[in-house]
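Written out below as structure tokens is the structure these notes cover.
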Amino acid sequence: MTLANKKEATMEEQQPGVVHGEQEVLARTVAVVMRTAVVTIDVDETVLVAWELLERSGSRHLPVVHPDGRCAGLLDRADVAVVCAAPAASLSGLRVGDLLPAHRSALVHVEQTVRHAADLMSYTEADALPVLAEDGRLAGVLTAADIVAALAGRPVQKEPADTRPRAPSTVLPGLPPRRGYRGTAVP
């Protein structure tokens, strides 16, 4: 390659319209990178059911939806675990909708870019965002791990985080571990 060709190739890389490598990933739409097979929960369901869904799916995030499919918010596993530290009897009346913040959480639409989503995640300090379809219904979830996987060139995960059957948790929310228990407590 001649010096003139190298200089021309370098000029092309610096032009704003030319997309290469990580810039290509950031220019993709959220729909290409997001998880579409997510476990959801109804806004009127109990917190105990939310914990069970998180345990069985192995997910870190649980999208909350209204009966018509509109997204009400996104619960984090840690938020549910903190609430579940209360006695189980007091949790039976607590609904998932009660855990959602009073202010509307950040979200993105399927046609927005990964760069926009990453900027929003950085600004709001969120590690996941619900993704809405054109009709306003939940289309999937975009996590920081999904963006990193796309930057690393790995394929998009289309299945839930963990679809293998798992043994029931040996530590229940609201109950202390058994005496002599050597496993991990509620995350």
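By order of appearance in the structure tokens: chains A, B, ..., then residues from 1 within every chain, and ligands from 1 in the order shown.
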
Select from range 36-57 of chain A every residue with an atom at most 12 Å from any atom of range 136-139 of chain A, then for each give the shortest pair of atoms and their distance in Å to one decimal, using only C-alpha atoms, rows by chain and rising number, as a Markdown table.
| residue | atom | partner | partner_atom | distance |
| --- | --- | --- | --- | --- |
| A:Thr36 | CA | A:Ala139 | CA | 6.4 |
| A:Ala37 | CA | A:Ala139 | CA | 9.0 |
| A:Val38 | CA | A:Ala139 | CA | 9.1 |
| A:Val39 | CA | A:Leu138 | CA | 11.2 |
| A:Thr40 | CA | A:Leu138 | CA | 9.3 |
| A:Ile41 | CA | A:Leu138 | CA | 11.5 |

Grab the residues selected above and save them as a JSON list (two decimals), in the first residue's frame with all heavy atoms.
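Writing the result to part-v5.json gives the following:
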[["chain", "number", "residue", "atom", "x", "y", "z"],
["A", 36, "THR", "N", -34.85, -10.52, 23.83],
["A", 36, "THR", "CA", -36.28, -10.53, 23.56],
["A", 36, "THR", "C", -37.02, -11.57, 24.38],
["A", 36, "THR", "O", -38.20, -11.42, 24.63],
["A", 36, "THR", "CB", -36.55, -10.78, 22.06],
["A", 36, "THR", "OG1", -35.90, -11.99, 21.68],
["A", 36, "THR", "CG2", -36.05, -9.63, 21.22],
["A", 37, "ALA", "N", -36.33, -12.61, 24.80],
["A", 37, "ALA", "CA", -36.96, -13.65, 25.61],
["A", 37, "ALA", "C", -36.73, -13.31, 27.08],
["A", 37, "ALA", "O", -35.76, -13.73, 27.68],
["A", 37, "ALA", "CB", -36.37, -15.01, 25.27],
["A", 38, "VAL", "N", -37.63, -12.52, 27.64],
["A", 38, "VAL", "CA", -37.51, -12.12, 29.03],
["A", 38, "VAL", "C", -38.74, -12.58, 29.81],
["A", 38, "VAL", "O", -39.82, -12.71, 29.26],
["A", 38, "VAL", "CB", -37.34, -10.59, 29.19],
["A", 38, "VAL", "CG1", -36.03, -10.12, 28.61],
["A", 38, "VAL", "CG2", -38.49, -9.84, 28.56],
["A", 39, "VAL", "N", -38.53, -12.84, 31.07],
["A", 39, "VAL", "CA", -39.62, -13.20, 31.97],
["A", 39, "VAL", "C", -40.20, -11.89, 32.48],
["A", 39, "VAL", "O", -39.46, -11.00, 32.90],
["A", 39, "VAL", "CB", -39.09, -14.05, 33.15],
["A", 39, "VAL", "CG1", -40.19, -14.35, 34.14],
["A", 39, "VAL", "CG2", -38.45, -15.32, 32.63],
["A", 40, "THR", "N", -41.52, -11.75, 32.43],
["A", 40, "THR", "CA", -42.17, -10.53, 32.91],
["A", 40, "THR", "C", -43.12, -10.86, 34.06],
["A", 40, "THR", "O", -43.45, -12.03, 34.28],
["A", 40, "THR", "CB", -42.98, -9.84, 31.80],
["A", 40, "THR", "OG1", -44.02, -10.71, 31.37],
["A", 40, "THR", "CG2", -42.10, -9.46, 30.62],
["A", 41, "ILE", "N", -43.54, -9.82, 34.76],
["A", 41, "ILE", "CA", -44.49, -10.00, 35.85],
["A", 41, "ILE", "C", -45.53, -8.89, 35.77],
["A", 41, "ILE", "O", -45.22, -7.76, 35.37],
["A", 41, "ILE", "CB", -43.78, -10.01, 37.22],
["A", 41, "ILE", "CG1", -44.75, -10.44, 38.32],
["A", 41, "ILE", "CG2", -43.15, -8.65, 37.52],
["A", 41, "ILE", "CD1", -44.06, -10.82, 39.62]]

Residues of range 53-84 of chain A that have any atom at most 9 Å from an atom of range 102-123 of chain A: could you tabulate them with the shortest-distance atom pair and the distance in Å to one decimal, using only C-alpha atoms, ordered by chain and increasing number, as a Markdown table?
| residue | atom | partner | partner_atom | distance |
| --- | --- | --- | --- | --- |
| A:Ala72 | CA | A:Arg104 | CA | 8.4 |
| A:Gly73 | CA | A:Ser105 | CA | 6.3 |
| A:Leu74 | CA | A:Ser105 | CA | 7.8 |

Among the residues A:Val80, A:Leu132, A:Ala144, A:Leu94, the one that comes closest to Thr46 in chain A [using only C-alpha atoms]: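 Closest to Thr46 in chain A of all the choices is A:Leu94.
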
Between CA of Ile147 in chain A and CA of Val25 in chain A - distance in Å to one decimal: 8.3 Å

Filtered DSSP result for range 22-147 of chain A, state strand (DSSP E or B), as a ChimeraX atom specification: /A:29,35,41-42,46,61-65,70-76,95,108-109,113,128-132,137-143

Residues just named, written with N, CA, C and O atoms as a tab-separated table (two decimals), in the first residue's frame:
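And here's out-v8.tsv as it stands now:
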chain	number	residue	atom	x	y	z
A	29	THR	N	-29.40	-0.46	15.91
A	29	THR	CA	-30.59	-0.17	16.71
A	29	THR	C	-30.62	-1.09	17.92
A	29	THR	O	-30.02	-2.17	17.91
A	35	ARG	N	-32.29	-8.29	24.52
A	35	ARG	CA	-32.85	-9.61	24.81
A	35	ARG	C	-34.34	-9.55	24.56
A	35	ARG	O	-35.01	-8.64	25.05
A	41	ILE	N	-43.54	-9.82	34.76
A	41	ILE	CA	-44.49	-10.00	35.85
A	41	ILE	C	-45.53	-8.89	35.77
A	41	ILE	O	-45.22	-7.76	35.37
A	42	ASP	N	-46.75	-9.23	36.15
A	42	ASP	CA	-47.84	-8.27	36.15
A	42	ASP	C	-47.68	-7.31	37.33
A	42	ASP	O	-47.23	-7.71	38.41
A	46	THR	N	-47.77	-10.41	43.53
A	46	THR	CA	-47.10	-10.22	44.82
A	46	THR	C	-45.58	-10.22	44.67
A	46	THR	O	-45.03	-10.75	43.71
A	61	HIS	N	-32.96	-8.91	36.19
A	61	HIS	CA	-33.97	-7.88	36.01
A	61	HIS	C	-35.31	-8.50	35.67
A	61	HIS	O	-35.37	-9.52	34.99
A	62	LEU	N	-36.36	-7.87	36.16
A	62	LEU	CA	-37.71	-8.37	35.93
A	62	LEU	C	-38.59	-7.23	35.45
A	62	LEU	O	-38.93	-6.34	36.23
A	63	PRO	N	-38.93	-7.23	34.16
A	63	PRO	CA	-39.82	-6.19	33.65
A	63	PRO	C	-41.22	-6.34	34.23
A	63	PRO	O	-41.74	-7.46	34.33
A	64	VAL	N	-41.80	-5.22	34.62
A	64	VAL	CA	-43.15	-5.20	35.18
A	64	VAL	C	-44.07	-4.62	34.11
A	64	VAL	O	-43.79	-3.57	33.55
A	65	VAL	N	-45.17	-5.33	33.84
A	65	VAL	CA	-46.08	-4.90	32.78
A	65	VAL	C	-47.51	-4.76	33.32
A	65	VAL	O	-47.90	-5.43	34.27
A	70	ARG	N	-48.33	-2.88	28.36
A	70	ARG	CA	-47.50	-1.68	28.49
A	70	ARG	C	-46.53	-1.87	29.64
A	70	ARG	O	-46.87	-2.45	30.68
A	71	CYS	N	-45.32	-1.35	29.49
A	71	CYS	CA	-44.29	-1.49	30.51
A	71	CYS	C	-44.52	-0.51	31.65
A	71	CYS	O	-44.69	0.69	31.43
A	72	ALA	N	-44.51	-1.03	32.88
A	72	ALA	CA	-44.67	-0.18	34.06
A	72	ALA	C	-43.33	0.15	34.69
A	72	ALA	O	-43.20	1.12	35.42
A	73	GLY	N	-42.31	-0.64	34.41
A	73	GLY	CA	-40.99	-0.41	34.98
A	73	GLY	C	-40.14	-1.66	34.96
A	73	GLY	O	-40.51	-2.67	34.33
A	74	LEU	N	-39.02	-1.59	35.66
A	74	LEU	CA	-38.07	-2.70	35.68
A	74	LEU	C	-37.58	-2.88	37.11
A	74	LEU	O	-37.09	-1.92	37.73
A	75	LEU	N	-37.72	-4.08	37.64
A	75	LEU	CA	-37.23	-4.38	38.98
A	75	LEU	C	-35.86	-5.03	38.89
A	75	LEU	O	-35.61	-5.85	38.01
A	76	ASP	N	-35.01	-4.70	39.81
A	76	ASP	CA	-33.69	-5.30	39.91
A	76	ASP	C	-33.73	-6.37	40.99
A	76	ASP	O	-34.44	-6.23	41.99
A	95	ARG	N	-47.49	-5.70	46.72
A	95	ARG	CA	-47.56	-5.91	45.27
A	95	ARG	C	-46.33	-5.37	44.58
A	95	ARG	O	-45.66	-4.45	45.07
A	108	VAL	N	-35.99	2.87	26.51
A	108	VAL	CA	-35.64	3.17	25.12
A	108	VAL	C	-36.64	2.48	24.19
A	108	VAL	O	-37.38	1.61	24.61
A	109	HIS	N	-36.63	2.92	22.95
A	109	HIS	CA	-37.49	2.32	21.92
A	109	HIS	C	-36.64	1.49	20.98
A	109	HIS	O	-35.44	1.75	20.81
A	113	THR	N	-30.69	4.04	18.82
A	113	THR	CA	-29.37	3.42	18.66
A	113	THR	C	-28.83	2.91	19.99
A	113	THR	O	-29.24	3.38	21.06
A	128	ALA	N	-29.65	-1.67	33.11
A	128	ALA	CA	-30.60	-2.28	32.20
A	128	ALA	C	-31.72	-1.29	31.90
A	128	ALA	O	-32.04	-0.44	32.73
A	129	LEU	N	-32.28	-1.43	30.70
A	129	LEU	CA	-33.39	-0.57	30.28
A	129	LEU	C	-34.48	-1.42	29.64
A	129	LEU	O	-34.18	-2.29	28.82
A	130	PRO	N	-35.75	-1.13	29.96
A	130	PRO	CA	-36.82	-1.78	29.21
A	130	PRO	C	-36.84	-1.18	27.80
A	130	PRO	O	-36.57	0.00	27.61
A	131	VAL	N	-37.15	-2.01	26.82
A	131	VAL	CA	-37.22	-1.57	25.42
A	131	VAL	C	-38.66	-1.68	24.96
A	131	VAL	O	-39.28	-2.74	25.10
A	132	LEU	N	-39.18	-0.58	24.41
A	132	LEU	CA	-40.56	-0.54	23.97
A	132	LEU	C	-40.66	-0.65	22.45
A	132	LEU	O	-39.83	-0.10	21.73
A	137	ARG	N	-45.70	-1.24	23.83
A	137	ARG	CA	-45.62	-2.46	24.63
A	137	ARG	C	-44.16	-2.89	24.79
A	137	ARG	O	-43.31	-2.54	23.99
A	138	LEU	N	-43.91	-3.67	25.81
A	138	LEU	CA	-42.57	-4.16	26.08
A	138	LEU	C	-42.10	-5.07	24.95
A	138	LEU	O	-42.80	-6.02	24.58
A	139	ALA	N	-40.92	-4.77	24.39
A	139	ALA	CA	-40.35	-5.59	23.32
A	139	ALA	C	-39.18	-6.43	23.82
A	139	ALA	O	-38.83	-7.44	23.20
A	140	GLY	N	-38.56	-6.01	24.92
A	140	GLY	CA	-37.42	-6.72	25.45
A	140	GLY	C	-36.70	-5.89	26.49
A	140	GLY	O	-37.22	-4.87	26.94
A	141	VAL	N	-35.50	-6.32	26.84
A	141	VAL	CA	-34.67	-5.63	27.82
A	141	VAL	C	-33.27	-5.51	27.25
A	141	VAL	O	-32.75	-6.47	26.66
A	142	LEU	N	-32.66	-4.35	27.42
A	142	LEU	CA	-31.27	-4.14	27.01
A	142	LEU	C	-30.44	-3.97	28.27
A	142	LEU	O	-30.73	-3.09	29.09
A	143	THR	N	-29.44	-4.82	28.44
A	143	THR	CA	-28.57	-4.73	29.61
A	143	THR	C	-27.18	-4.29	29.20
A	143	THR	O	-26.81	-4.37	28.02

Straight-line distance linking CA of Thr124 in chain A with CA of Ala81 in chain A, stated in Å to one decimal: 21.6 Å

Å distance separating CA of Val47 in chain A from CA of Ala126 in chain A, one decimal place: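 Computing the Euclidean distance for CA of Val47 in chain A and CA of Ala126 in chain A yields 21.4 Å.
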